[in-house]
file target-v8.cif (mmCIF, C-alpha atoms)
data_protein
loop_
_atom_site.label_atom_id
_atom_site.label_comp_id
_atom_site.auth_asym_id
_atom_site.auth_seq_id
_atom_site.Cartn_x
_atom_site.Cartn_y
_atom_site.Cartn_z
CA MET A 659 -187.80 -33.04 163.30
CA ILE A 660 -186.89 -34.49 159.90
CA LYS A 661 -183.16 -34.21 159.19
CA LEU A 662 -182.86 -36.59 156.21
CA VAL A 663 -185.26 -37.12 153.31
CA LEU A 664 -184.91 -40.30 151.22
CA ILE A 665 -186.73 -40.40 147.89
CA ASP A 666 -187.46 -43.22 145.47
CA ILE A 667 -187.33 -42.28 141.77
CA ASP A 668 -189.75 -44.24 139.57
CA GLY A 669 -193.39 -43.83 140.51
CA THR A 670 -192.32 -41.28 143.11
CA LEU A 671 -189.95 -38.48 142.14
CA VAL A 672 -190.63 -38.62 138.39
CA ARG A 673 -193.87 -38.68 136.43
CA ASP A 674 -195.06 -41.75 134.55
CA ASP A 675 -193.25 -40.40 131.46
CA LYS A 676 -190.01 -40.33 133.57
CA THR A 677 -189.72 -36.53 133.56
CA LEU A 678 -188.88 -34.63 136.76
CA PRO A 679 -191.60 -32.14 137.79
CA ALA A 680 -190.21 -28.65 138.34
CA GLU A 681 -192.00 -28.39 141.69
CA ASN A 682 -190.21 -31.52 142.97
CA GLU A 683 -186.82 -30.14 141.94
CA GLU A 684 -187.57 -26.78 143.56
CA ALA A 685 -188.81 -28.31 146.82
CA ILE A 686 -185.73 -30.53 147.12
CA LYS A 687 -183.41 -27.58 146.56
CA GLU A 688 -185.34 -25.55 149.14
CA ALA A 689 -184.93 -28.38 151.63
CA LEU A 690 -181.19 -28.59 150.95
CA GLN A 691 -180.83 -24.82 151.36
CA SER A 692 -182.66 -25.02 154.69
CA GLY A 693 -180.10 -27.55 155.96
CA VAL A 694 -182.13 -30.72 155.49
CA LEU A 695 -180.23 -33.63 153.95
CA VAL A 696 -181.70 -35.25 150.84
CA THR A 697 -180.69 -38.25 148.75
CA LEU A 698 -182.13 -40.90 146.45
CA VAL A 699 -182.93 -44.52 147.31
CA THR A 700 -183.81 -46.25 144.06
CA GLY A 701 -183.89 -49.50 142.16
CA ARG A 702 -182.22 -47.80 139.20
CA ASN A 703 -178.55 -48.26 138.42
CA TYR A 704 -176.17 -45.30 138.37
CA GLY A 705 -176.40 -44.71 134.62
CA ALA A 706 -180.20 -44.54 134.76
CA ALA A 707 -180.18 -42.26 137.81
CA LYS A 708 -177.35 -39.95 136.70
CA GLU A 709 -179.52 -37.35 134.99
CA ILE A 710 -181.64 -36.92 138.13
CA ILE A 711 -178.54 -36.84 140.36
CA ASP A 712 -177.00 -34.12 138.20
CA LYS A 713 -180.18 -32.03 138.10
CA LEU A 714 -180.41 -32.10 141.88
CA GLN A 715 -176.61 -31.71 142.29
CA LEU A 716 -176.50 -34.44 144.91
CA ASP A 717 -172.88 -34.69 146.02
CA VAL A 718 -173.82 -37.27 148.65
CA PRO A 719 -174.15 -41.07 148.77
CA VAL A 720 -177.07 -42.34 146.67
CA VAL A 721 -178.58 -45.79 147.05
CA LEU A 722 -178.78 -47.64 143.74
CA GLN A 723 -180.14 -51.02 142.64
CA ASN A 724 -182.15 -51.43 145.83
CA GLY A 725 -179.12 -50.98 148.07
CA ALA A 726 -176.74 -53.37 146.34
CA PHE A 727 -174.67 -50.34 145.38
CA ILE A 728 -174.23 -47.17 147.44
CA TYR A 729 -172.18 -44.61 145.58
CA ARG A 730 -171.02 -41.02 145.93
CA PRO A 731 -171.07 -40.03 142.26
CA TYR A 732 -168.92 -36.91 142.13
CA SER A 733 -166.06 -38.34 144.16
CA GLY A 734 -166.48 -41.87 142.80
CA GLU A 735 -166.48 -43.29 146.33
CA VAL A 736 -168.05 -46.73 146.60
CA ILE A 737 -169.64 -47.03 150.04
CA ARG A 738 -171.25 -50.43 149.55
CA LYS A 739 -171.11 -52.97 146.74
CA VAL A 740 -172.80 -56.36 147.03
CA GLY A 741 -172.53 -58.69 144.07
CA LEU A 742 -174.41 -61.87 143.20
CA THR A 743 -172.22 -64.94 142.80
CA GLY A 744 -171.87 -66.34 139.31
CA ASP A 745 -173.04 -69.76 140.48
CA VAL A 746 -176.34 -68.38 141.75
CA ALA A 747 -176.81 -66.26 138.63
CA LYS A 748 -176.32 -69.30 136.39
CA ARG A 749 -178.69 -71.38 138.52
CA VAL A 750 -181.40 -68.70 138.26
CA ILE A 751 -181.00 -68.49 134.49
CA HIS A 752 -181.14 -72.28 134.15
CA LEU A 753 -184.40 -72.40 136.13
CA CYS A 754 -185.86 -69.52 134.12
CA ARG A 755 -185.15 -71.41 130.91
CA GLN A 756 -186.89 -74.47 132.30
CA GLU A 757 -189.98 -72.48 133.28
CA GLY A 758 -190.07 -70.26 130.18
CA THR A 759 -189.48 -67.09 132.20
CA PHE A 760 -187.75 -64.08 130.64
CA TYR A 761 -184.57 -62.91 132.39
CA ILE A 762 -182.03 -60.09 132.20
CA LEU A 763 -178.44 -60.36 133.38
CA TYR A 764 -176.94 -57.17 134.82
CA ARG A 765 -173.18 -57.60 134.64
CA ASP A 766 -171.84 -54.67 136.63
CA PHE A 767 -172.95 -51.64 138.64
CA LEU A 768 -171.11 -48.99 136.59
CA MET A 769 -170.71 -50.58 133.15
CA GLN A 770 -172.60 -48.67 130.45
CA LYS A 771 -173.72 -51.82 128.59
CA ASP A 772 -174.65 -53.68 131.75
CA MET A 773 -177.87 -55.46 130.61
CA LEU A 774 -177.68 -58.69 128.61
CA ILE A 775 -180.51 -60.76 127.11
CA ASP A 776 -180.49 -63.80 124.85
CA GLN A 777 -184.19 -64.08 123.99
CA ASP A 778 -187.05 -61.82 122.90
CA TYR A 779 -189.59 -60.24 125.21
CA ASP A 780 -193.04 -58.93 124.36
CA GLY A 781 -195.16 -57.83 127.28
CA PRO A 782 -196.07 -55.00 129.65
CA PHE A 783 -192.42 -54.33 130.54
CA SER A 784 -191.39 -53.79 126.91
CA MET A 785 -191.13 -50.04 127.54
CA TYR A 786 -188.56 -50.72 130.28
CA LEU A 787 -186.33 -52.46 127.74
CA LYS A 788 -186.90 -49.71 125.20
CA ARG A 789 -186.03 -46.95 127.66
CA ASN A 790 -182.86 -48.80 128.63
CA ALA A 791 -181.80 -49.62 125.06
CA VAL A 792 -178.48 -47.80 125.51
CA ARG A 793 -177.66 -50.27 128.33
CA LEU A 794 -178.88 -53.38 126.53
CA ASP A 795 -177.05 -55.98 124.43
CA ARG A 796 -178.62 -59.02 122.77
CA VAL A 797 -176.17 -61.96 122.90
CA GLU A 798 -176.26 -65.65 122.06
CA ASP A 799 -175.97 -66.91 125.64
CA VAL A 800 -175.81 -64.60 128.66
CA THR A 801 -174.17 -67.26 130.82
CA SER A 802 -171.03 -67.07 128.69
CA PHE A 803 -170.52 -63.59 130.16
CA ILE A 804 -170.59 -64.81 133.77
CA SER A 805 -167.09 -65.41 135.07
CA GLY A 806 -167.42 -64.08 138.62
CA GLU A 807 -169.85 -61.89 140.51
CA VAL A 808 -172.58 -59.99 138.66
CA ALA A 809 -174.81 -57.15 139.80
CA GLU A 810 -178.16 -58.96 139.58
CA VAL A 811 -180.57 -61.06 137.55
CA ALA A 812 -184.10 -59.82 136.87
CA LEU A 813 -187.10 -62.06 136.15
CA LEU A 814 -190.01 -60.70 134.11
CA GLY A 815 -193.26 -62.39 133.25
CA ASN A 816 -196.09 -64.42 134.67
CA GLU A 817 -195.81 -64.26 138.45
CA ASP A 818 -196.75 -67.90 139.00
CA ARG A 819 -193.88 -69.00 136.75
CA ILE A 820 -191.48 -66.66 138.54
CA LEU A 821 -192.58 -68.04 141.90
CA ARG A 822 -191.94 -71.59 140.64
CA VAL A 823 -188.39 -70.53 139.74
CA LEU A 824 -187.93 -69.07 143.21
CA ARG A 825 -189.28 -72.16 144.95
CA GLN A 826 -186.83 -74.32 143.03
CA LEU A 827 -184.02 -71.91 143.84
CA GLY A 828 -184.87 -72.41 147.50
CA ASP A 829 -183.65 -70.42 150.47
CA GLY A 830 -180.11 -69.18 150.79
CA ASP A 831 -178.02 -66.68 152.67
CA ASN A 832 -176.02 -65.72 149.56
CA PHE A 833 -178.81 -64.02 147.62
CA THR A 834 -181.79 -61.70 148.11
CA VAL A 835 -185.09 -61.77 146.21
CA ILE A 836 -186.90 -58.44 145.77
CA LYS A 837 -190.29 -57.97 144.16
CA SER A 838 -190.26 -54.59 142.44
CA LEU A 839 -193.34 -54.18 140.26
CA THR A 840 -196.46 -55.71 138.84
CA ARG A 841 -197.90 -54.52 135.56
CA GLU A 842 -201.05 -55.93 134.02
CA ASP A 843 -200.70 -59.71 134.50
CA GLU A 844 -196.90 -59.81 134.89
CA ALA A 845 -194.35 -59.16 137.62
CA PHE A 846 -190.76 -57.89 137.85
CA TYR A 847 -188.52 -59.61 140.41
CA GLU A 848 -184.82 -59.02 141.03
CA ILE A 849 -182.21 -61.32 142.56
CA PHE A 850 -179.23 -59.65 144.23
CA GLY A 851 -176.41 -60.70 146.49
CA PRO A 852 -176.91 -61.19 150.26
CA LYS A 853 -178.55 -58.66 152.58
CA VAL A 854 -179.69 -56.28 149.86
CA GLY A 855 -182.68 -54.00 150.25
CA LYS A 856 -183.56 -50.39 150.89
CA GLY A 857 -183.99 -51.20 154.57
CA GLU A 858 -180.45 -52.57 154.74
CA ALA A 859 -179.16 -49.40 153.05
CA LEU A 860 -180.77 -47.22 155.72
CA ASN A 861 -178.12 -48.23 158.27
CA TYR A 862 -175.33 -47.01 155.99
CA LEU A 863 -177.07 -43.70 155.30
CA CYS A 864 -177.83 -42.99 158.95
CA GLN A 865 -174.24 -43.69 159.90
CA HIS A 866 -172.87 -41.52 157.09
CA PHE A 867 -175.17 -38.56 157.75
CA GLY A 868 -175.11 -38.88 161.53
CA VAL A 869 -178.87 -39.14 161.99
CA SER A 870 -181.17 -41.65 163.64
CA PRO A 871 -183.87 -43.56 161.70
CA GLU A 872 -186.49 -41.61 163.67
CA GLU A 873 -185.22 -38.41 162.00
CA VAL A 874 -185.65 -39.82 158.47
CA MET A 875 -188.53 -39.38 156.03
CA PHE A 876 -188.80 -41.86 153.18
CA ILE A 877 -191.12 -41.34 150.21
CA GLY A 878 -191.96 -44.32 147.98
CA ASP A 879 -194.59 -46.21 146.04
CA ALA A 880 -193.69 -49.81 145.15
CA TYR A 881 -193.13 -53.26 146.63
CA ASN A 882 -189.37 -52.75 146.92
CA ASP A 883 -190.06 -49.79 149.25
CA ILE A 884 -191.92 -51.84 151.84
CA ASP A 885 -188.90 -53.05 153.81
CA ILE A 886 -187.67 -49.53 154.61
CA MET A 887 -191.07 -48.02 155.49
CA PRO A 888 -191.38 -49.42 159.06
CA LEU A 889 -187.77 -48.50 159.85
CA VAL A 890 -187.97 -44.71 159.40
CA GLY A 891 -189.70 -42.16 161.58
CA PHE A 892 -191.77 -40.66 158.79
CA PRO A 893 -192.78 -43.10 156.03
CA VAL A 894 -194.78 -41.40 153.27
CA ALA A 895 -196.58 -43.20 150.45
CA MET A 896 -197.36 -41.68 147.09
CA GLY A 897 -200.99 -41.31 146.10
CA ASN A 898 -200.31 -43.81 143.30
CA ALA A 899 -198.55 -46.29 145.61
CA VAL A 900 -199.62 -49.91 145.81
CA GLU A 901 -201.95 -50.56 148.73
CA GLU A 902 -199.34 -52.65 150.55
CA VAL A 903 -197.06 -49.59 150.75
CA LYS A 904 -199.85 -47.32 151.99
CA LYS A 905 -200.44 -49.69 154.92
CA PHE A 906 -196.98 -48.83 156.25
CA ALA A 907 -197.25 -45.07 155.69
CA LYS A 908 -197.97 -42.38 158.26
CA ALA A 909 -199.13 -40.11 155.44
CA VAL A 910 -200.17 -40.38 151.82
CA THR A 911 -199.15 -37.53 149.53
CA LYS A 912 -200.31 -36.66 146.02
CA SER A 913 -199.43 -38.87 143.04
CA ASN A 914 -196.15 -38.81 141.12
CA ASN A 915 -197.92 -37.01 138.27
CA GLU A 916 -199.08 -34.27 140.67
CA GLY A 917 -195.78 -33.34 142.33
CA GLY A 918 -196.41 -35.53 145.37
CA VAL A 919 -192.78 -35.32 146.51
CA ALA A 920 -192.92 -31.52 146.58
CA TRP A 921 -196.18 -31.62 148.53
CA ALA A 922 -194.71 -33.97 151.13
CA ILE A 923 -191.51 -31.95 151.56
CA ARG A 924 -193.37 -28.66 151.90
CA HIS A 925 -196.07 -30.10 154.17
CA PHE A 926 -193.91 -32.17 156.52
CA VAL A 927 -190.38 -30.73 156.27
CA LEU A 928 -190.36 -27.07 155.28
CA SER A 929 -193.63 -26.15 157.04
CA PRO A 930 -194.40 -29.14 159.24
CA LYS A 931 -198.03 -29.42 160.28
CA GLY A 932 -197.39 -32.25 162.75
CA ASP A 933 -200.29 -34.32 161.38
CA PHE A 934 -199.18 -37.62 159.90
CA THR A 935 -202.60 -39.21 159.72
CA ARG A 936 -204.02 -40.10 156.33
#

call {"tool": "encode", "arguments": {"input": "target-v8.cif", "output": "structure tokens"}}
result
Amino acid sequence: MIKLVLIDIDGTLVRDDKTLPAENEEAIKEALQSGVLVTLVTGRNYGAAKEIIDKLQLDVPVVLQNGAFIYRPYSGEVIRKVGLTGDVAKRVIHLCRQEGTFYILYRDFLMQKDMLIDQDYDGPFSMYLKRNAVRLDRVEDVTSFISGEVAEVALLGNEDRILRVLRQLGDGDNFTVIKSLTREDEAFYEIFGPKVGKGEALNYLCQHFGVSPEEVMFIGDAYNDIDIMPLVGFPVAMGNAVEEVKKFAKAVTKSNNEGGVAWAIRHFVLSPKGDFTR
């Protein structure tokens, strides 16, 4: 029996144009009314997720920025906050400059203008910057804004160059590297503080809601969803998910443009068929 449903946002809950399908909203509210717990587990920050949170009226902990920040929005309760040290952030930026890799500094988890850049970007992730323009400031040198911990640093661009940066950064127990997306010939990586990931966040959610991982369904699509998939009882991949995610899924639902979240909730939670084969 599924007692808790965890849902990714981008590529999962919302369409490619970032709108929320009515059928997804309705299915989630039906699940909540039936007594099933539902929350979001996303790479977005709070500001970018707020509209979805408000539409769904989720007065529960939500997992933001891949688990670096777990927040109960209506009460303002911070359940988990894991920052990246300023020293590591500066080291990453230094290496990115050496390799010619574009980077974004995210200063804080709740600050409205949390994204800082000091160079131009033109590539397949340009729409990401455009959609987050309200969060973005162009400055002369982002490192001058690092005085203590920051939320994260993102690396965008040619994946080989990003991997060279990461190899030079080396291993460490004070940071976490998460691959989020690939688009055309570029990749989007994020560097957070220690022990960050959606899988790490699962422990906090299970403890808060009083459920076991076997009673959890997670629905996702991207590389940053892979670490949580083997840990839950009912991992579901979107029809548009990358193949690596589908390998860990017990079921594959419809795509994010076809209300795949609603289909999964209605098929496996509200009227469970008991068949989790693809």

call {"tool": "residues_around", "arguments": {"input": "target-v8.cif", "residues": "Lys708 of chain A", "least_positions_apart": "5", "cutoff": "9 Å", "atoms": "all atoms listed in the file", "output": "list in words"}}
result
Asn703, Lys713 and Pro731 of chain A

call {"tool": "residues_around", "arguments": {"input": "target-v8.cif", "residues": "Gly741 of chain A", "least_positions_apart": "4", "cutoff": "10 Å", "atoms": "only C-alpha atoms", "output": "ChimeraX atom specification"}}
result
/A:726-727,765-767,806-810,832-833,850-852,854

call {"tool": "residues_around", "arguments": {"input": "target-v8.cif", "residues": "segment 755-759 of chain A", "least_positions_apart": "3", "cutoff": "8 Å", "atoms": "all atoms listed in the file", "output": "VMD selection string"}}
result
chain A and resid 751 to 752 813 to 816 819 to 820 822 to 823

call {"tool": "residues_near_point", "arguments": {"input": "target-v8.cif", "point": "(-172.7, -64.6, 132.1)", "cutoff": "9 Å", "atoms": "all atoms listed in the file", "output": "PyMOL selection string"}}
result
chain A and resi 744+747-748+763-765+774+799-806+808

call {"tool": "write_last_selection", "arguments": {"input": "target-v8.cif", "atoms": "C-alpha atoms", "output": "PDB file, in the frame of the given file"}}
result
ATOM      1  CA  GLY A 744    -171.870 -66.340 139.310  1.00  0.00           C
ATOM      2  CA  ALA A 747    -176.810 -66.260 138.630  1.00  0.00           C
ATOM      3  CA  LYS A 748    -176.320 -69.300 136.390  1.00  0.00           C
ATOM      4  CA  LEU A 763    -178.440 -60.360 133.380  1.00  0.00           C
ATOM      5  CA  TYR A 764    -176.940 -57.170 134.820  1.00  0.00           C
ATOM      6  CA  ARG A 765    -173.180 -57.600 134.640  1.00  0.00           C
ATOM      7  CA  LEU A 774    -177.680 -58.690 128.610  1.00  0.00           C
ATOM      8  CA  ASP A 799    -175.970 -66.910 125.640  1.00  0.00           C
ATOM      9  CA  VAL A 800    -175.810 -64.600 128.660  1.00  0.00           C
ATOM     10  CA  THR A 801    -174.170 -67.260 130.820  1.00  0.00           C
ATOM     11  CA  SER A 802    -171.030 -67.070 128.690  1.00  0.00           C
ATOM     12  CA  PHE A 803    -170.520 -63.590 130.160  1.00  0.00           C
ATOM     13  CA  ILE A 804    -170.590 -64.810 133.770  1.00  0.00           C
ATOM     14  CA  SER A 805    -167.090 -65.410 135.070  1.00  0.00           C
ATOM     15  CA  GLY A 806    -167.420 -64.080 138.620  1.00  0.00           C
ATOM     16  CA  VAL A 808    -172.580 -59.990 138.660  1.00  0.00           C
TER      17      VAL A 808
END

call {"tool": "residues_around", "arguments": {"input": "target-v8.cif", "residues": "Leu768 of chain A", "least_positions_apart": "2", "cutoff": "9 Å", "atoms": "all atoms listed in the file", "output": "list in words"}}
result
Asn703, Tyr704, Gly705, Asp766, Gln770, Lys771 and Asp772 of chain A

call {"tool": "resolve_selection", "arguments": {"input": "target-v8.cif", "expression": "the PyMOL selection byres ((chain A and resi 848) around 7)", "output": "count of residues only"}}
result
11

call {"tool": "closest_residue", "arguments": {"input": "target-v8.cif", "among": "A:Thr697, A:Arg796, A:Leu678, A:Leu824", "to": "Arg749 of chain A", "atoms": "all atoms listed in the file"}}
result
A:Leu824

call {"tool": "atom_distance", "arguments": {"input": "target-v8.cif", "atom1": "atom CA of Gln691 of chain A", "atom2": "atom CA of Leu860 of chain A"}}
result
22.8 Å

call {"tool": "resolve_selection", "arguments": {"input": "target-v8.cif", "expression": "the PyMOL selection byres ((chain A and resi 698) around 12)", "output": "MDAnalysis selection string"}}
result
chainID A and resid 662:668 670:672 686 695:697 699:704 707:708 710:712 714:725 728:731 856 859:860 863 875:878

call {"tool": "resolve_selection", "arguments": {"input": "target-v8.cif", "expression": "the PyMOL selection byres ((chain A and resi 883-892) around 9)", "output": "ChimeraX atom specification"}}
result
/A:660,666,700,724,838,855-860,870-882,893-895,902-903,906-909,934

call {"tool": "residues_around", "arguments": {"input": "target-v8.cif", "residues": "Gly669 of chain A", "least_positions_apart": "5", "cutoff": "10 Å", "atoms": "all atoms listed in the file", "output": "list in words"}}
result
Asp674, Asp675, Lys676, Gly878, Asp879, Ala880, Met896, Gly897, Asn898, Ala899, Ser913, Asn914 and Asn915 of chain A

call {"tool": "write_last_selection", "arguments": {"input": "target-v8.cif", "atoms": "C-alpha atoms", "output": "PDB file, in the coordinates of the input"}}
result
ATOM      1  CA  ASP A 674    -195.060 -41.750 134.550  1.00  0.00           C
ATOM      2  CA  ASP A 675    -193.250 -40.400 131.460  1.00  0.00           C
ATOM      3  CA  LYS A 676    -190.010 -40.330 133.570  1.00  0.00           C
ATOM      4  CA  GLY A 878    -191.960 -44.320 147.980  1.00  0.00           C
ATOM      5  CA  ASP A 879    -194.590 -46.210 146.040  1.00  0.00           C
ATOM      6  CA  ALA A 880    -193.690 -49.810 145.150  1.00  0.00           C
ATOM      7  CA  MET A 896    -197.360 -41.680 147.090  1.00  0.00           C
ATOM      8  CA  GLY A 897    -200.990 -41.310 146.100  1.00  0.00           C
ATOM      9  CA  ASN A 898    -200.310 -43.810 143.300  1.00  0.00           C
ATOM     10  CA  ALA A 899    -198.550 -46.290 145.610  1.00  0.00           C
ATOM     11  CA  SER A 913    -199.430 -38.870 143.040  1.00  0.00           C
ATOM     12  CA  ASN A 914    -196.150 -38.810 141.120  1.00  0.00           C
ATOM     13  CA  ASN A 915    -197.920 -37.010 138.270  1.00  0.00           C
TER      14      ASN A 915
END

call {"tool": "atom_distance", "arguments": {"input": "target-v8.cif", "atom1": "atom CA of Glu684 of chain A", "atom2": "atom CA of Ala920 of chain A"}}
result
7.8 Å

call {"tool": "closest_residue", "arguments": {"input": "target-v8.cif", "among": "A:Val900, A:Ala791, A:Val910, A:Leu690", "to": "Ala922 of chain A", "atoms": "all atoms listed in the file"}}
result
A:Val910

call {"tool": "atom_distance", "arguments": {"input": "target-v8.cif", "atom1": "atom CA of Glu735 of chain A", "atom2": "atom CA of Asn790 of chain A"}}
result
24.7 Å

call {"tool": "closest_residue", "arguments": {"input": "target-v8.cif", "among": "A:Ala845, A:Leu928, A:Leu742, A:Ile923", "to": "Asn682 of chain A", "atoms": "all atoms listed in the file"}}
result
A:Ile923
